[in-house]
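Inspection log for the structure reproduced underneath, given as structure tokens.
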Amino acid sequence: MLARLAARGHSTGLVQTQVFPSAFTISMYPGRSLGALRLEDGTAVDLEDIGSVYWRNFGGVEAESTRATRGTPADIAYYDSMACLRTWFQARNQTRWFNSWEAFQSHQEKPHQLALVAREGVRIPHTYIGNDPERILAFARMVPELIFKPVYGGSHTQRITGRHLAGEHLAKALKQAPITLQEFVDGTNVRTYAIGEQCFTAELHSDQVDFRADSGTRVVPIATPPGVAAAAAAVMRVLGLRWTAIDWRRSRDGEYFFLEANPSPMFGAFERQSGYPITDVLIDAMTA
């Protein structure tokens with residue numbers, strides 16, 4: 001992104017939060033529309049002059065690696081650093097974030113994201129989230145084909161087996177963390193990159209339940225169905241997204257089920273395999 005922006009004549013800077021506060025500085029004056037960054041290379045940038053921010057990911061802050069018991073100097077440093085960054089992330093000025101802190105947080109709280117999207121009338125698979133063994137077993141009886149995945153994220157989707165639901169195994173696992181159980185929709189994985197009002201959609205062909213675990217996944221571009229484009233617009237509106245990658249599961253009878261919307265998706269491999277101009281369209285949106 002930095003290279004392509006520079007090639008198109010735009011001034012850019014790189015902020016790596018995981019080296020804050022030792023390697024770059026932030027200055028802010030609450031109540032006054034003033035503030036500045038001093039980047040790692042020494043470049044000074046007024047916050048009011050930042051037109052857009054492309055947010056690839058959030059790597060936390062430097063103090064996170066040395067954070068210890070609550071109230072220790074390292075712990076206080078972590079919270080102070082995070083509070084400073086979050087204040088900048090949520091500043092109400094002319095900077096356009098791709099995407100906002102609020103959108104990023106929504107993605108970390110996937111149950112909340114699913115609920116918001118479902119309220120917009122976008123169909124989601126039958127889903128249970130929690131750690132009550134009795135309710136989990138009841139849900140499994142009601143929805144015989146299930147997958148499970150983390151509530152927060154961080155690992156791949158798997159199919160539920162009898163071993164997972166065995167009493168001792170289930171009880172032990174649920175005392176460590178809640179889980180997400182979801183109806184397995186027999187069909188095809190589909191991904192839509194939505195940037196503003198433009199949509200780029202492709203089927204993701206894989207024999208595995210989670211295509212991300214399959215290095216042989218094939219990307220097959222397709223036209224975005226009108227219903228999917230409308231659903232994508234609703235998802236972006238309710239989640240406050242300027243751009244996103246939405247994962248769908250299309251059933252064998254052609255119905256689309258929303259799985260998740262990523263506010264900071266990777267797209268290099270998808271762009272190469274599909275031929276879609278994701279980078280340039282995203283830069284167009286950032287610099288319009």
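Chains: A, B, ... in order of the structure tokens. Residues: from 1 per chain. Ligands: from 1, in order shown.
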
Excluding Leu37 of chain A and residues on its chain fewer than 3 positions from it, collect all residues at most 8 Å away from it, counting only C-alpha atoms, and give them as a ChimeraX atom specification.
/A:24-27,44-47

Taking N, CA, C and O atoms for each residue, export the selection above as a PDB file, in the first residue's frame.
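In the end it all went to selection16.pdb:
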```
ATOM      1  N   PHE A  24       8.121   6.447  18.407  1.00  0.00           N
ATOM      2  CA  PHE A  24       7.469   7.607  17.795  1.00  0.00           C
ATOM      3  C   PHE A  24       6.624   8.294  18.852  1.00  0.00           C
ATOM      4  O   PHE A  24       6.369   7.738  19.923  1.00  0.00           O
ATOM      5  N   THR A  25       6.210   9.517  18.556  1.00  0.00           N
ATOM      6  CA  THR A  25       5.490  10.308  19.549  1.00  0.00           C
ATOM      7  C   THR A  25       4.131  10.748  19.028  1.00  0.00           C
ATOM      8  O   THR A  25       3.905  10.877  17.826  1.00  0.00           O
ATOM      9  N   ILE A  26       3.217  10.967  19.979  1.00  0.00           N
ATOM     10  CA  ILE A  26       1.911  11.560  19.707  1.00  0.00           C
ATOM     11  C   ILE A  26       1.740  12.745  20.639  1.00  0.00           C
ATOM     12  O   ILE A  26       2.077  12.662  21.827  1.00  0.00           O
ATOM     13  N   SER A  27       1.210  13.846  20.109  1.00  0.00           N
ATOM     14  CA  SER A  27       0.879  15.014  20.923  1.00  0.00           C
ATOM     15  C   SER A  27      -0.550  15.422  20.611  1.00  0.00           C
ATOM     16  O   SER A  27      -0.925  15.528  19.438  1.00  0.00           O
ATOM     17  N   ALA A  44       7.597  14.955  11.089  1.00  0.00           N
ATOM     18  CA  ALA A  44       6.505  15.501  11.898  1.00  0.00           C
ATOM     19  C   ALA A  44       5.266  15.666  11.022  1.00  0.00           C
ATOM     20  O   ALA A  44       5.349  16.178   9.901  1.00  0.00           O
ATOM     21  N   VAL A  45       4.118  15.216  11.539  1.00  0.00           N
ATOM     22  CA  VAL A  45       2.864  15.274  10.785  1.00  0.00           C
ATOM     23  C   VAL A  45       1.779  15.823  11.690  1.00  0.00           C
ATOM     24  O   VAL A  45       1.526  15.275  12.774  1.00  0.00           O
ATOM     25  N   ASP A  46       1.114  16.922  11.269  1.00  0.00           N
ATOM     26  CA  ASP A  46      -0.029  17.424  12.026  1.00  0.00           C
ATOM     27  C   ASP A  46      -1.216  16.477  11.833  1.00  0.00           C
ATOM     28  O   ASP A  46      -1.503  16.057  10.702  1.00  0.00           O
ATOM     29  N   LEU A  47      -1.888  16.164  12.921  1.00  0.00           N
ATOM     30  CA  LEU A  47      -3.027  15.251  12.828  1.00  0.00           C
ATOM     31  C   LEU A  47      -4.095  15.781  11.879  1.00  0.00           C
ATOM     32  O   LEU A  47      -4.762  15.014  11.181  1.00  0.00           O
TER      33      LEU A  47
END
```

Would you please give, as number ranges by chain, all residues of segment 36-240 of chain A that DSSP assigns to alpha helix (DSSP H) based on the backbone?
A: 73-89, 101-108, 110-119, 133-142, 162-165, 167-174, 226-239

From a DSSP calculation on the backbone, collect every residue of segment 81-270 of chain A in strand (DSSP E) and output the set as JSON, numbers by chain.
{"A": [96, 97, 98, 127, 128, 129, 130, 146, 147, 148, 149, 158, 159, 179, 180, 181, 182, 183, 187, 188, 189, 190, 191, 192, 193, 194, 195, 198, 199, 200, 201, 202, 203, 204, 205, 218, 219, 220, 221, 222, 243, 244, 245, 246, 247, 248, 249, 250, 251, 256, 257, 258, 259, 260, 261, 262]}

Within 12 Å of Ile179 of chain A using only C-alpha atoms, minus same-chain residues under 6 positions, as a PyMOL selection string:
chain A and resi 110-111+127-133+136+147-153+155+157-158+160+164+170-171+173

Between atom CA of Ala77 of chain A and atom CA of Gly59 of chain A, what distance in Å does the model show, to one decimal?
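Atom-to-atom, atom CA of Ala77 of chain A and atom CA of Gly59 of chain A are spaced 15.9 Å apart.
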
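Nearest-residue note for Cys199 of chain A: choosing from A:His156, A:His126, A:Leu282, A:Arg135, the minimum distance belongs to A:Leu282, counting only C-alpha atoms.
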
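Among the candidates A:Thr161, A:Thr95, A:Asn189, A:Thr69, the one nearest to Asp247 of chain A when counting only C-alpha atoms is A:Asn189.
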
Which of A:Asp210, A:Phe257, A:Asn99, A:Thr279 sits closest to Thr244 of chain A [using only C-alpha atoms]:
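For Thr244 of chain A, the nearest of the given residues is A:Asn99.
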
Taking only C-alpha atoms into account, name the residue in A:Leu204, A:Met1, A:Ile246, A:Val190 that is nearest to Met286 of chain A.
A:Met1

Name the residues in contact with Glu102 of chain A at a cut-off of 9 Å, using only C-alpha atoms, excluding same-chain residues fewer than 6 positions from it; report them as a ChimeraX atom specification.
/A:90,239-240

Please report, as a tab-separated table, each residue of segment 223-275 of chain A lying at most 10 Å from segment 114-123 of chain A, together with the nearest pair of atoms and the separation in Å rounded to one decimal; use only C-alpha atoms, and order rows by chain and ascending residue number.
```
residue	atom	partner	partner_atom	distance
A:Gly227	CA	A:Val122	CA	9.9
A:Val228	CA	A:Val122	CA	9.4
A:Ala230	CA	A:Val122	CA	9.5
A:Ala231	CA	A:Val122	CA	6.2
A:Ala232	CA	A:Val122	CA	8.9
A:Ala234	CA	A:Glu120	CA	6.7
A:Val235	CA	A:Val117	CA	5.9
A:Met236	CA	A:Val117	CA	9.2
A:Arg237	CA	A:Glu120	CA	9.6
A:Val238	CA	A:Leu116	CA	6.8
A:Leu239	CA	A:Leu116	CA	7.6
A:Trp248	CA	A:Arg123	CA	10.0
A:Glu255	CA	A:Arg123	CA	8.9
A:Tyr256	CA	A:Arg123	CA	7.3
A:Phe257	CA	A:Arg123	CA	5.3
A:Phe258	CA	A:Arg123	CA	6.1
A:Leu259	CA	A:Leu114	CA	7.8
A:Glu260	CA	A:Leu114	CA	7.3
A:Ala261	CA	A:Leu114	CA	9.3
```
